[in-house]
Structure formats: C-alpha cells, structure tokens
>>> print(open('work25.cif').read())   # mmCIF, C-alpha atoms
data_entry
loop_
_atom_site.group_PDB
_atom_site.id
_atom_site.type_symbol
_atom_site.label_atom_id
_atom_site.label_comp_id
_atom_site.auth_asym_id
_atom_site.auth_seq_id
_atom_site.Cartn_x
_atom_site.Cartn_y
_atom_site.Cartn_z
ATOM 1 C CA MET A 1496 -34.667 -25.024 -7.695
ATOM 2 C CA THR A 1497 -32.816 -28.269 -8.334
ATOM 3 C CA PRO A 1498 -30.442 -29.751 -5.715
ATOM 4 C CA LYS A 1499 -27.492 -28.823 -7.938
ATOM 5 C CA GLU A 1500 -28.701 -25.207 -8.184
ATOM 6 C CA GLU A 1501 -29.258 -25.104 -4.406
ATOM 7 C CA ARG A 1502 -25.684 -26.319 -3.774
ATOM 8 C CA GLU A 1503 -24.308 -23.717 -6.170
ATOM 9 C CA ALA A 1504 -26.362 -20.942 -4.547
ATOM 10 C CA LEU A 1505 -25.172 -22.062 -1.102
ATOM 11 C CA ARG A 1506 -21.561 -22.191 -2.319
ATOM 12 C CA LYS A 1507 -21.816 -18.624 -3.671
ATOM 13 C CA LEU A 1508 -23.417 -17.435 -0.432
ATOM 14 C CA LEU A 1509 -20.656 -19.020 1.670
ATOM 15 C CA ILE A 1510 -17.928 -17.572 -0.510
ATOM 16 C CA ASP A 1511 -19.520 -14.128 -0.223
ATOM 17 C CA LYS A 1512 -19.912 -14.421 3.571
ATOM 18 C CA LEU A 1513 -16.359 -15.722 4.071
ATOM 19 C CA ARG A 1514 -14.724 -13.144 1.793
ATOM 20 C CA PRO A 1515 -12.946 -10.440 3.807
ATOM 21 C CA GLN A 1516 -15.092 -7.301 3.774
ATOM 22 C CA ASN A 1517 -12.560 -4.647 4.765
ATOM 23 C CA GLU A 1518 -8.807 -4.059 4.966
ATOM 24 C CA LYS A 1519 -8.552 -5.313 8.557
ATOM 25 C CA GLU A 1520 -10.296 -8.594 7.659
ATOM 26 C CA LYS A 1521 -8.076 -8.968 4.563
ATOM 27 C CA ILE A 1522 -4.943 -8.634 6.710
ATOM 28 C CA GLU A 1523 -6.280 -11.076 9.327
ATOM 29 C CA PHE A 1524 -7.141 -13.574 6.593
ATOM 30 C CA ALA A 1525 -3.706 -13.208 4.945
ATOM 31 C CA ALA A 1526 -1.994 -13.634 8.347
ATOM 32 C CA SER A 1527 -4.020 -16.779 8.952
ATOM 33 C CA GLN A 1528 -3.021 -18.186 5.557
ATOM 34 C CA LEU A 1529 0.641 -17.365 6.208
ATOM 35 C CA HIS A 1530 0.422 -19.013 9.636
ATOM 36 C CA HIS A 1531 -1.131 -22.125 8.100
ATOM 37 C CA SER A 1532 1.662 -22.348 5.507
ATOM 38 C CA ILE A 1533 4.335 -22.078 8.193
ATOM 39 C CA ILE A 1534 2.667 -24.683 10.419
ATOM 40 C CA GLN A 1535 2.387 -27.077 7.456
ATOM 41 C CA GLU A 1536 6.142 -26.726 6.845
ATOM 42 C CA ILE A 1537 6.843 -27.362 10.544
ATOM 43 C CA ILE A 1538 4.627 -30.462 10.533
ATOM 44 C CA GLU A 1539 6.374 -31.823 7.431
ATOM 45 C CA ARG A 1540 9.792 -31.306 9.041
ATOM 46 C CA MET A 1541 8.594 -32.920 12.275
ATOM 47 C CA ASN A 1542 7.369 -35.910 10.266
ATOM 48 C CA GLU A 1543 10.803 -36.217 8.641
ATOM 49 C CA LEU A 1544 12.314 -36.310 12.138
ATOM 50 C CA ASN A 1545 9.579 -38.572 13.579
ATOM 51 C CA MET A 1546 8.901 -35.907 16.208
ATOM 52 C CA THR A 1547 5.553 -35.702 17.994
ATOM 53 C CA GLN A 1548 3.672 -32.617 19.167
ATOM 54 C CA SER A 1549 4.307 -33.767 22.741
ATOM 55 C CA GLU A 1550 8.054 -33.910 22.153
ATOM 56 C CA LEU A 1551 8.071 -30.479 20.539
ATOM 57 C CA ALA A 1552 6.023 -29.056 23.429
ATOM 58 C CA LYS A 1553 8.412 -30.549 25.973
ATOM 59 C CA ARG A 1554 11.464 -29.143 24.185
ATOM 60 C CA MET A 1555 9.795 -25.712 23.914
ATOM 61 C CA ASN A 1556 8.749 -25.865 27.579
ATOM 62 C CA VAL A 1557 5.086 -25.278 26.673
ATOM 63 C CA SER A 1558 1.973 -27.421 26.996
ATOM 64 C CA LYS A 1559 0.819 -29.818 24.297
ATOM 65 C CA GLY A 1560 -2.394 -27.784 24.299
ATOM 66 C CA PHE A 1561 -0.426 -24.703 23.256
ATOM 67 C CA ILE A 1562 1.057 -26.616 20.322
ATOM 68 C CA SER A 1563 -2.456 -27.773 19.385
ATOM 69 C CA GLN A 1564 -3.625 -24.155 19.436
ATOM 70 C CA LEU A 1565 -0.816 -23.247 17.043
ATOM 71 C CA TRP A 1566 -1.752 -26.174 14.784
ATOM 72 C CA THR A 1567 -5.429 -25.192 14.638
ATOM 73 C CA GLY A 1568 -4.731 -21.482 14.223
ATOM 74 C CA ASP A 1569 -6.379 -20.534 17.525
ATOM 75 C CA LYS A 1570 -3.032 -18.880 18.311
ATOM 76 C CA LEU A 1571 -0.755 -17.399 15.664
ATOM 77 C CA ILE A 1572 2.935 -18.249 15.903
ATOM 78 C CA ASN A 1573 5.253 -15.363 16.710
ATOM 79 C CA LEU A 1574 8.818 -14.928 15.506
ATOM 80 C CA LYS A 1575 10.390 -16.011 18.811
ATOM 81 C CA GLN A 1576 8.354 -19.233 18.815
ATOM 82 C CA LEU A 1577 9.176 -19.833 15.156
ATOM 83 C CA THR A 1578 12.888 -19.319 15.820
ATOM 84 C CA GLN A 1579 12.752 -21.718 18.772
ATOM 85 C CA ILE A 1580 10.972 -24.377 16.690
ATOM 86 C CA ILE A 1581 13.426 -23.976 13.824
ATOM 87 C CA GLN A 1582 16.333 -24.485 16.211
ATOM 88 C CA ILE A 1583 14.687 -27.560 17.764
ATOM 89 C CA LEU A 1584 14.114 -28.990 14.279
ATOM 90 C CA ASN A 1585 17.744 -28.280 13.351
ATOM 91 C CA SER A 1586 16.477 -26.296 10.370
ATOM 92 C CA HIS A 1587 16.247 -22.793 9.042
ATOM 93 C CA ILE A 1588 13.580 -20.871 7.234
ATOM 94 C CA SER A 1589 14.001 -18.765 4.156
ATOM 95 C CA ILE A 1590 11.398 -16.301 3.035
ATOM 96 C CA LYS A 1591 11.407 -14.858 -0.421
ATOM 97 C CA ILE A 1592 9.135 -11.892 -0.858
ATOM 98 C CA GLU A 1593 7.798 -11.749 -4.381
ATOM 99 C CA GLU A 1594 4.891 -10.331 -6.250
ATOM 100 C CA LYS A 1595 1.640 -10.479 -4.285
ATOM 101 C CA TYR A 1596 0.428 -14.032 -3.499
ATOM 102 C CA LYS A 1597 3.664 -15.639 -4.666
ATOM 103 C CA SER A 1598 5.644 -15.770 -1.390
ATOM 104 C CA LYS A 1599 7.621 -18.976 -0.912
ATOM 105 C CA PHE A 1600 8.589 -20.664 2.348
ATOM 106 C CA SER A 1601 11.000 -23.515 2.739
ATOM 107 C CA PHE A 1602 12.714 -25.309 5.579
ATOM 108 C CA ARG A 1603 16.107 -26.875 5.077
ATOM 109 C CA SER A 1604 18.470 -28.757 7.340
ATOM 110 C CA PHE A 1605 21.443 -26.794 8.500
ATOM 111 C CA THR A 1606 24.344 -26.885 10.864
ATOM 112 C CA LEU A 1607 24.584 -24.505 13.783
ATOM 113 C CA PRO A 1608 25.106 -20.873 12.736
ATOM 114 C CA PRO A 1609 28.547 -19.265 13.101
ATOM 115 C CA PRO A 1610 29.343 -17.415 16.343
ATOM 116 C CA LYS A 1611 27.674 -14.018 16.639
ATOM 117 C CA ASN A 1612 30.961 -12.137 16.325
ATOM 118 C CA VAL A 1613 31.474 -13.489 12.777
ATOM 119 C CA ASN A 1614 29.462 -11.712 10.074
ATOM 120 C CA HIS A 1615 28.628 -13.946 7.107
ATOM 121 C CA ALA A 1616 25.626 -11.919 5.865
ATOM 122 C CA ASP A 1617 25.161 -11.695 2.116
ATOM 123 C CA ASN A 1618 24.147 -8.095 1.531
ATOM 124 C CA ASN A 1619 22.949 -8.856 -2.014
ATOM 125 C CA SER A 1620 20.425 -11.469 -0.889
ATOM 126 C CA LYS A 1621 16.744 -10.740 -0.507
ATOM 127 C CA ASN A 1622 16.253 -13.858 1.646
ATOM 128 C CA ILE A 1623 15.756 -13.573 5.375
ATOM 129 C CA ALA A 1624 17.207 -16.491 7.338
ATOM 130 C CA ALA A 1625 16.603 -17.429 10.962
#
>>> encode(input="work25.cif", output="structure tokens")
Amino acid sequence: MTPKEEREALRKLLIDKLRPQNEKEKIEFAASQLHHSIIQEIIERMNELNMTQSELAKRMNVSKGFISQLWTGDKLINLKQLTQIIQILNSHISIKIEEKYKSKFSFRSFTLPPPKNVNHADNNSKNIAA
C-alpha cells in the first residue's frame, strides 16, 4: 500500500470511528457543534470589544478556568450563562430555526431592553431574542 493509500485508509477509518453511531451520540455531537458555533460568536464579539477571557470571567463572577472549559467544550454553555455573557457584551442573540443543518446565529449590538412591564414582542417573528 502506498503512503497516499495508507493516509486515505486512515482518514476513512477515523471518519467511521468518529461518526455518531446512535441517536444519543448524534444529539451529543449536534449539541457540541452548536456550542462551538455560539462560543465562536462570543469570541468574535469579545475581540471587537478588546475583552479578555479574564475580564469576562471577572464580570461573570466565575474562574478563568471555567471560561476556558467553555471555550474548549469541556463544559457546554447553558442559557443562563449565555444570557449573562450577552448582557456583558452589550449584545443580543437571534436564532433562526430553518431546515436541518441551516440554523443561523448572529450577535448584534443593542441598547438595553425596555422595562419588563412593556411588551414589544413581535408575534409574527420566528426569531428568539435574549
């Protein structure tokens, strides 16, 4: 077997071994991909603001190690943490649910939301804002 054929055989073996084998693994893999996409958006926004992981950790009242675990995927971000980060970054998140594998995420700058007693919800929108 030539080196090129060996590399191709190894590539196919790795792809087969890494491919989710059951529904639970498929969901875990999809959650990991979603987490990675969200973290990438957070990192980009932090870069725009020249904010460090240490500063974010301090403002969230968590350790820098916790932020590192979020960045590496050792811990998956939850909605409360995401909401806190979005507020710290003076941003919001919009999620558009589309056909499978076509979900879009985007962060945008925003001003503080209206008081809770004022309802500005757009009932025709399929976007979820935090």
>>> residues_around(input="work25.cif", residues="A:Ser1563", least_positions_apart="4", cutoff="10 Å", atoms="all atoms listed in the file", output="JSON list (two decimals) with C-alpha atoms, in the frame of the given file")
[["chain", "number", "residue", "atom", "x", "y", "z"],
["A", 1548, "GLN", "CA", 3.67, -32.62, 19.17],
["A", 1549, "SER", "CA", 4.31, -33.77, 22.74],
["A", 1552, "ALA", "CA", 6.02, -29.06, 23.43],
["A", 1558, "SER", "CA", 1.97, -27.42, 27.00],
["A", 1559, "LYS", "CA", 0.82, -29.82, 24.30],
["A", 1567, "THR", "CA", -5.43, -25.19, 14.64],
["A", 1568, "GLY", "CA", -4.73, -21.48, 14.22],
["A", 1569, "ASP", "CA", -6.38, -20.53, 17.52],
["A", 1570, "LYS", "CA", -3.03, -18.88, 18.31]]
>>> resolve_selection(input="work25.cif", expression="the PyMOL selection byres ((chain A and resi 1571) around 9)", output="tab-separated table (two decimals) with C-alpha atoms, in the coordinates of the input")
chain	number	residue	atom	x	y	z
A	1526	ALA	CA	-1.99	-13.63	8.35
A	1527	SER	CA	-4.02	-16.78	8.95
A	1530	HIS	CA	0.42	-19.01	9.64
A	1531	HIS	CA	-1.13	-22.12	8.10
A	1564	GLN	CA	-3.62	-24.16	19.44
A	1565	LEU	CA	-0.82	-23.25	17.04
A	1566	TRP	CA	-1.75	-26.17	14.78
A	1568	GLY	CA	-4.73	-21.48	14.22
A	1569	ASP	CA	-6.38	-20.53	17.52
A	1570	LYS	CA	-3.03	-18.88	18.31
A	1572	ILE	CA	2.94	-18.25	15.90
A	1573	ASN	CA	5.25	-15.36	16.71
>>> atom_distance(input="work25.cif", atom1="atom CA of A:Glu1536", atom2="atom CA of A:Ile1522")
21.2 Å
>>> atom_distance(input="work25.cif", atom1="atom CA of A:Glu1539", atom2="atom CA of A:Asn1556")
21.1 Å
>>> atom_distance(input="work25.cif", atom1="atom CA of A:Lys1519", atom2="atom CA of A:Gly1560")
28.1 Å
>>> closest_residue(input="work25.cif", among="A:Leu1584, A:Ile1562, A:Val1557, A:Leu1513", to="A:Asn1545", atoms="only C-alpha atoms")
A:Leu1584
>>> closest_residue(input="work25.cif", among="A:Ile1533, A:Ala1504, A:Met1546, A:Leu1509", to="A:His1587", atoms="all atoms listed in the file")
A:Ile1533
